[in-house]
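Okay, so here's the structure we're looking at.
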Amino acid sequence: MVFTSNRHGSTTSSPSMTSSIMTTPLLSQAIISSSSSAVSPAQTPSNKLPADPDPASFAKDNFVVNAFQIAMLCILAVFFLATIPRAFGRFSVGSEWGKGLILRSRSSAHVRRRPSQGRQTSLKRTHHKEAPNPDERVVPRRHDRSKPTNPSSNVSRPPYIRSWSTRSYPISVYFAQSFLPGVSYGLAFIVIVYLSGITSVIFTSANIFTDLGRPGFLSVAQIPVAVALAMKNNIIGVLLGVGYVKLNTLHQWAGFVVVVAAHLHGVPWFYRYANAGVLQQEVRRPLNAWGIVALVGLDVLWLVSTPVIRQRAYRLFYPGHILGFVVLLVSVCFHIPVAIRYVVLGAAAYALDHIIRLLKTRLCTAIVRPIRELSLTRIEIPMVTHGWRAGQHVRLRVLSTELGKLGWLEAHPFTIASASDSESGEGMVLMCKRLGGWTGKLYDAASRAVYYGSEDGYGHRKMKILVEGPYGGLGHMLLHSYTGALIVAGGSGISFSLCVLEDLTQKVISGAATTQFIDFVWAVQDKSSLIPLLSTFKSLLRCRGSAPGLSLNISVFYTRVPNSQDPATADALRDLPSGLSINTGRPKFSKFLNAIILKAKSLQVSHGIALAVCGPVGIVDEVRLVGRDVFGPERAAVGGIDVHEEVFAW
Ligand SMILES: Cc1cc2nc3c(=O)[nH]c(=O)nc-3n(C[C@H](O)[C@H](O)[C@H](O)COP(=O)(O)OP(=O)(O)OC[C@H]3O[C@@H](n4cnc5c(N)ncnc54)[C@H](O)[C@@H]3O)c2cc1C
């Protein structure tokens with residue numbers, strides 16, 4: 001009994017085999033029909049493969065799959081064209097060029113010292129162990145922003161370019177709507193279009209039961225697509241003006257297609273072999289053996305990528321993902337030579353990404369301190385002073401075994417919490433919420449400085465770190481080109497929102513922004529969370545003095561009502577400056593947005609309102625909904641409403 005295949009999945013059968021396969025009528029009929037167009041048994045020794053793939057079938061698969069890839073590129077080009085006006089607006093501002101690509105340092109002579117620095121030095125001498133005023137201890141006071149940084153400079157303001165979602169209103173509103181937490185109709189539409197294309201590739205002039213080469217071909221052709229969508233530095237993101245985190249969902253779907261198509265190709269072969277009673281011989285053949293290895297690699301890759309493992313055991317997900325990926329790439333090349341070109345493409349993209357990552361990595365000494373009220377670790381990197389855009393994040397490695405034997409190998413993403421070119425002298429600031437193993441150990445390591453005393457009594461310590469980035473951010477959206485901005489943070493989303501707020505106020509002061517109304521809303525559990533950031537908020541509010549037209553309000557909402565009033569918290573939160581309010585309960589975002597709309601409508605010309613939100617999926621969805629629900633005429637009257645959302649997950 002003989003059953004052979006050519007390398008491209010066409011079927012060749014001997015007469016003796018055919019009779020045994022007749023036990024499964026549909027499949028056998030399909031096989032018989034396909035075998036008539038394949039290499040004849042007479043030409044092929046029963047235990048050997050044909051020397052070459054069936055050229056006709058190969059050419060057909062090649063054509064259909066490549067036509068699909070070209071169609072996808074065309075869709076990408078349409079999206080790219082839609083982003084051009086905003087990209088043009090962004091790059092028409094000279095200062096935007098080269099920003100957000102690489103982290104930079106300014107020599108220490110250029111870095112202004114923060115006001116509290118002198119006092120810290122004196123404390124250093126006396127080995128003062130008690131922290132002073134809590135708000136000064138945990139978050140050193142920033143440079144006084146009330147002084148215009150460059151009042152005489154002739155700073156150019158960015159043009160306001162309406163986003164494609166504003167232009168395509170009201171259709172865009174439906175696309176922005178979520179039907180599951182974090183899943184919008186827009187995203188679902190893109191995925192459906194992609195999967196429809198994939199389905200049509202499988203079925204276009206092919207029979208899923210007989211033309212097993214088609215899904216196999218499709219599977220390998222999607223490898224570079226999946227890789228390109230996963231890269232931290234990827235061309236698709238550059239073209240569309242979005243970060244890799246936003247593309248990750250599409251990466252997951254492309255990966256899903258690779259897995260499903262590979263199984264549609266591979267599993268039926270085993271079924272056929274088993275039916276023909278030749279499974280044992282067949283799995284020993286190199287072609288099939290490599291195919292099995294590729295499938296196993298792919299299954300490992302898929303299994304460790306399931307949301308449960310990815311979210312609960314990242315340390316299993318990451319190495320498993322890489323291992324499965326490497327096994328897949330190598331074995332699929334031995335399985336079918338036509339895969340080599342796709343594997344080379346995928347591997348080249350992967351290698352290039354890693355080279356760029358290396359170039360974007362800096363070895364620095366960081367000042368690390370715990371912030372108890374927020375249950376997070378604050379990291380200052382004085383050496384890195386500029387080069388990022390507000391809303392971007394970096395990947396952090398801490399070179400210490402205190403974070404576990406292999407903890408120094410782990411790279412964790414954290415949004416930059418300070419504005420680029422800030423005059424505080426702190427450089428880059430990160431806020432790392434104590435969440436799981438790694439961030440917990442980081443917090444513990446930082447806390448040791450407090451327990452054992454630090455050099456200057458402020459409870460900080462120095463650690464060697466590798467910081468890689470910057471990545472992501474607001475893309476072509478220029479917050480300072482809008483008339484109004486509602487910036488929302490939920491919990492540790494404050495790092496994103498604070499940086500965005502600081503950057504925006506900095507631009508307002510320097511005259512580089514058209515923004516006149518800013519409302520900042522932070523939803524936290526505990527009232528005491530405000531204490532560490534009080535001095536920062538006060539300093540930001542003081543900037544109104546040098547930007548007379550600016551209306552800036554900061555509202556903090558806390559949901560956990562304390563059993564008894566903590567005197568220290570009450571003390572610290574006494575005498576709040578005007579513009580800063582503390583409230584109980586959940587914020588009503590629509591109220592804040594309506595207030596900005598009213599103010600914007602009172603102007604002769606309004607250049608739109610931007611909503612920037614970062615936090616848990618619930619808050620992000622709520623803010624998106626609030627932006628969506630603004631009635632058409634209101635929306636038009638203020639020049640459009642755009643939402644940028646950021647969630648700390650994928
Ligand atoms: C773009 C982005 C920006 C972020 N910015 C901030 C920030 O400014 N402040 C902040 O406190 N948190 C931020 N996070 C979340 C932060 O990266 C995770 O909380 C942290 O990596 C958790 O590590 P862990 O081992 O302590 O927790 P775990 O309990 O192991 O994991 C908790 C969650 O974090 C994810 N995670 C774990 N390790 C990694 C990793 N190496 N890379 C990516 N995700 C991982 C897991 O999938 C899980 O969902 C951000 C996340 C992303 C994706």
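FYI, nothing fancy with the structure tokens labels: chains A, B, ... in order, residues from 1 per chain, ligands from 1 as they appear.
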
Show me a table, sorted first by chain and then by increasing residue number, of the residues of chain A having an atom at most 6 Å from ligand 1, each with its shortest atom pair and the distance in Å to one decimal, counting only C-alpha atoms and all ligand atoms and written as a tab-separated table.
residue	atom	partner	partner_atom_place_in_ligand_line	distance
A:Arg310	CA	ligand 1	47 (O)	5.0
A:Gln311	CA	ligand 1	47 (O)	3.6
A:Arg312	CA	ligand 1	48 (C)	5.9
A:Tyr314	CA	ligand 1	37 (C)	5.1
A:His393	CA	ligand 1	3 (C)	5.8
A:Glu410	CA	ligand 1	41 (N)	5.8
A:Ala411	CA	ligand 1	41 (N)	4.9
A:His412	CA	ligand 1	41 (N)	3.9
A:Pro413	CA	ligand 1	17 (O)	4.3
A:Phe414	CA	ligand 1	5 (N)	3.4
A:Thr415	CA	ligand 1	8 (O)	3.7
A:Met431	CA	ligand 1	9 (N)	5.1
A:Cys432	CA	ligand 1	11 (O)	3.7
A:Lys433	CA	ligand 1	11 (O)	3.4
A:Leu435	CA	ligand 1	26 (O)	4.8
A:Gly436	CA	ligand 1	29 (O)	3.3
A:Gly437	CA	ligand 1	25 (O)	4.5
A:Trp438	CA	ligand 1	25 (O)	3.9
A:Thr439	CA	ligand 1	26 (O)	3.7
A:Gly440	CA	ligand 1	26 (O)	5.8
A:Ser492	CA	ligand 1	11 (O)	5.4
A:Ser495	CA	ligand 1	8 (O)	5.0
A:Phe648	CA	ligand 1	51 (C)	3.8
A:Ala649	CA	ligand 1	53 (C)	4.3

Emit the selected residues as an mmCIF file, in the first residue's frame, including N, CA and C atoms.
data_model
loop_
_atom_site.group_PDB
_atom_site.id
_atom_site.type_symbol
_atom_site.label_atom_id
_atom_site.label_comp_id
_atom_site.auth_asym_id
_atom_site.auth_seq_id
_atom_site.Cartn_x
_atom_site.Cartn_y
_atom_site.Cartn_z
ATOM 1 N N ARG A 310 -0.251 34.139 28.834
ATOM 2 C CA ARG A 310 0.420 35.426 28.605
ATOM 3 C C ARG A 310 0.213 36.373 29.785
ATOM 4 N N GLN A 311 -0.990 36.372 30.332
ATOM 5 C CA GLN A 311 -1.271 37.313 31.421
ATOM 6 C C GLN A 311 -0.860 36.788 32.791
ATOM 7 N N ARG A 312 -0.931 35.458 32.950
ATOM 8 C CA ARG A 312 -0.622 34.925 34.289
ATOM 9 C C ARG A 312 0.815 34.442 34.417
ATOM 10 N N TYR A 314 3.929 35.372 32.310
ATOM 11 C CA TYR A 314 4.681 36.014 31.221
ATOM 12 C C TYR A 314 6.046 35.357 31.048
ATOM 13 N N HIS A 393 6.693 55.045 25.700
ATOM 14 C CA HIS A 393 7.189 54.205 26.791
ATOM 15 C C HIS A 393 8.569 53.646 26.457
ATOM 16 N N GLU A 410 14.900 40.263 32.071
ATOM 17 C CA GLU A 410 13.531 40.638 31.687
ATOM 18 C C GLU A 410 13.426 42.118 31.333
ATOM 19 N N ALA A 411 12.766 42.396 30.224
ATOM 20 C CA ALA A 411 12.520 43.792 29.837
ATOM 21 C C ALA A 411 11.043 44.083 30.054
ATOM 22 N N HIS A 412 10.746 45.094 30.864
ATOM 23 C CA HIS A 412 9.350 45.446 31.149
ATOM 24 C C HIS A 412 9.042 46.843 30.616
ATOM 25 N N PRO A 413 7.882 46.987 29.975
ATOM 26 C CA PRO A 413 7.542 48.309 29.428
ATOM 27 C C PRO A 413 6.970 49.252 30.493
ATOM 28 N N PHE A 414 7.435 50.491 30.476
ATOM 29 C CA PHE A 414 6.891 51.516 31.378
ATOM 30 C C PHE A 414 6.792 52.842 30.632
ATOM 31 N N THR A 415 5.662 53.488 30.817
ATOM 32 C CA THR A 415 5.441 54.767 30.142
ATOM 33 C C THR A 415 6.255 55.855 30.831
ATOM 34 N N MET A 431 7.262 55.405 36.514
ATOM 35 C CA MET A 431 6.521 55.008 37.712
ATOM 36 C C MET A 431 6.058 53.574 37.509
ATOM 37 N N CYS A 432 6.600 52.681 38.319
ATOM 38 C CA CYS A 432 6.344 51.256 38.108
ATOM 39 C C CYS A 432 5.478 50.707 39.235
ATOM 40 N N LYS A 433 4.243 50.453 38.912
ATOM 41 C CA LYS A 433 3.283 49.945 39.897
ATOM 42 C C LYS A 433 3.705 48.552 40.353
ATOM 43 N N LEU A 435 3.035 45.156 40.973
ATOM 44 C CA LEU A 435 1.923 44.333 40.498
ATOM 45 C C LEU A 435 2.188 42.849 40.701
ATOM 46 N N GLY A 436 3.231 42.354 40.041
ATOM 47 C CA GLY A 436 3.531 40.924 40.138
ATOM 48 C C GLY A 436 4.934 40.713 40.653
ATOM 49 N N GLY A 437 5.544 39.602 40.216
ATOM 50 C CA GLY A 437 6.850 39.214 40.731
ATOM 51 C C GLY A 437 7.930 40.259 40.507
ATOM 52 N N TRP A 438 8.117 40.670 39.282
ATOM 53 C CA TRP A 438 9.244 41.545 38.944
ATOM 54 C C TRP A 438 9.069 42.939 39.547
ATOM 55 N N THR A 439 7.908 43.522 39.352
ATOM 56 C CA THR A 439 7.690 44.877 39.892
ATOM 57 C C THR A 439 7.668 44.838 41.425
ATOM 58 N N GLY A 440 7.233 43.698 41.980
ATOM 59 C CA GLY A 440 7.239 43.548 43.442
ATOM 60 C C GLY A 440 8.664 43.538 43.966
ATOM 61 N N SER A 492 -2.443 53.643 37.833
ATOM 62 C CA SER A 492 -1.048 53.848 37.419
ATOM 63 C C SER A 492 -0.946 54.424 36.010
ATOM 64 N N SER A 495 1.212 57.798 34.899
ATOM 65 C CA SER A 495 2.528 58.057 34.292
ATOM 66 C C SER A 495 2.353 58.627 32.884
ATOM 67 N N PHE A 648 -2.347 49.506 29.512
ATOM 68 C CA PHE A 648 -1.073 48.861 29.827
ATOM 69 C C PHE A 648 -1.157 47.353 29.637
ATOM 70 N N ALA A 649 -1.538 46.915 28.492
ATOM 71 C CA ALA A 649 -1.627 45.465 28.276
ATOM 72 C C ALA A 649 -1.727 45.189 26.797
#

- prompt: In segment 420-638 of chain A, what's alpha helix (DSSP H) per DSSP? Answer as number ranges by chain?
  reply: A: 437-452, 494-510, 534-542, 567-572, 589-601, 617-628, 632-637

Nearest to Val343 of chain A by atom-to-atom distance, counting only C-alpha atoms, from A:Val225, A:Val193, A:Leu396, A:Ala449: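 Checking each of A:Val225, A:Val193, A:Leu396, A:Ala449 against Val343 of chain A, counting only C-alpha atoms, the winner is A:Val225.
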
field: Per-residue DSSP, segment 455-560 of chain A, filtered to strand (DSSP E or B), as a ChimeraX atom specification
entry: /A:461-471,484-490,517-524,551-558

message: Given only C-alpha atoms as the basis, pick out the residue of A:Asn234, A:Ser528, A:Ser555, A:Ser590 nearest to Ala570 of chain A.
response: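 When distances to Ala570 of chain A are compared using only C-alpha atoms, the smallest one comes from A:Ser528.
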
Considering only C-alpha atoms, tabulate each residue of segment 245-327 of chain A that lies at most 12 Å from segment 345-368 of chain A along with its nearest interatomic pair and the corresponding distance in Å to one decimal; arrange the rows by chain and ascending residue number and present them as CSV.
residue,atom,partner,partner_atom,distance
A:Ile322,CA,A:Tyr350,CA,11.0
A:Phe325,CA,A:Ala347,CA,10.0
A:Val326,CA,A:Ala347,CA,9.2

message: For a test of reading the model, state the distance in Å between atom CA of Leu240 of chain A and atom CA of Ile161 of chain A, rounded to one decimal.
response: 15.7 Å

field: Separation of atom CA of Ala572 of chain A from atom CA of Phe537 of chain A in Å
entry: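 Taking atom CA of Phe537 of chain A and atom CA of Ala572 of chain A, their separation equals 13.4 Å.
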
task: Using only C-alpha atoms, determine which residues lie at most 10 Å from segment 373-375 of chain A, disregarding the query and same-chain residues fewer than 2 positions distant; provide the list as a list of chain:residue names.
output: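 Once the nearby chain positions are removed, what remains is A:Val138, A:Pro370, A:Ile371, A:Thr377, A:Arg378, A:Met431, A:Cys432, A:Lys433, A:Arg434, A:Leu435, A:Gly440, A:Tyr443, A:Gly491, A:Ser492, A:Val524, A:Gln525, A:Asp526, A:Lys527, A:Ser528, A:Ser529, A:Leu530, A:Ile531, A:Pro532, A:Leu533.
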
Selection above as a file: C-alpha atoms, as a CSV table (one decimal), in the first residue's frame:
chain,number,residue,atom,x,y,z
A,138,VAL,CA,8.9,61.0,47.5
A,370,PRO,CA,9.5,53.5,46.7
A,371,ILE,CA,6.3,55.5,46.8
A,377,THR,CA,8.6,52.4,42.4
A,378,ARG,CA,9.7,55.8,41.1
A,431,MET,CA,6.5,55.0,37.7
A,432,CYS,CA,6.3,51.3,38.1
A,433,LYS,CA,3.3,49.9,39.9
A,434,ARG,CA,3.9,47.0,42.2
A,435,LEU,CA,1.9,44.3,40.5
A,440,GLY,CA,7.2,43.5,43.4
A,443,TYR,CA,9.7,47.8,44.9
A,491,GLY,CA,-4.6,54.4,38.7
A,492,SER,CA,-1.0,53.8,37.4
A,524,VAL,CA,-7.5,56.5,42.2
A,525,GLN,CA,-8.6,54.3,45.0
A,526,ASP,CA,-7.1,56.2,47.9
A,527,LYS,CA,-7.1,59.9,48.7
A,528,SER,CA,-3.6,59.6,50.0
A,529,SER,CA,-2.3,58.7,46.5
A,530,LEU,CA,-2.4,62.4,45.8
A,531,ILE,CA,0.2,63.3,48.4
A,532,PRO,CA,3.3,62.2,46.4
A,533,LEU,CA,2.2,64.2,43.4

field: Shell of 8 Å around Phe496 of chain A, only C-alpha atoms, local chain residues under 5 positions omitted, as a list in words
entry: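 Here the qualifying residues turn out to be Ala390, Gly391, Gln392, Thr415, Ile416, Ala417, Ala489 and Cys614 of chain A.
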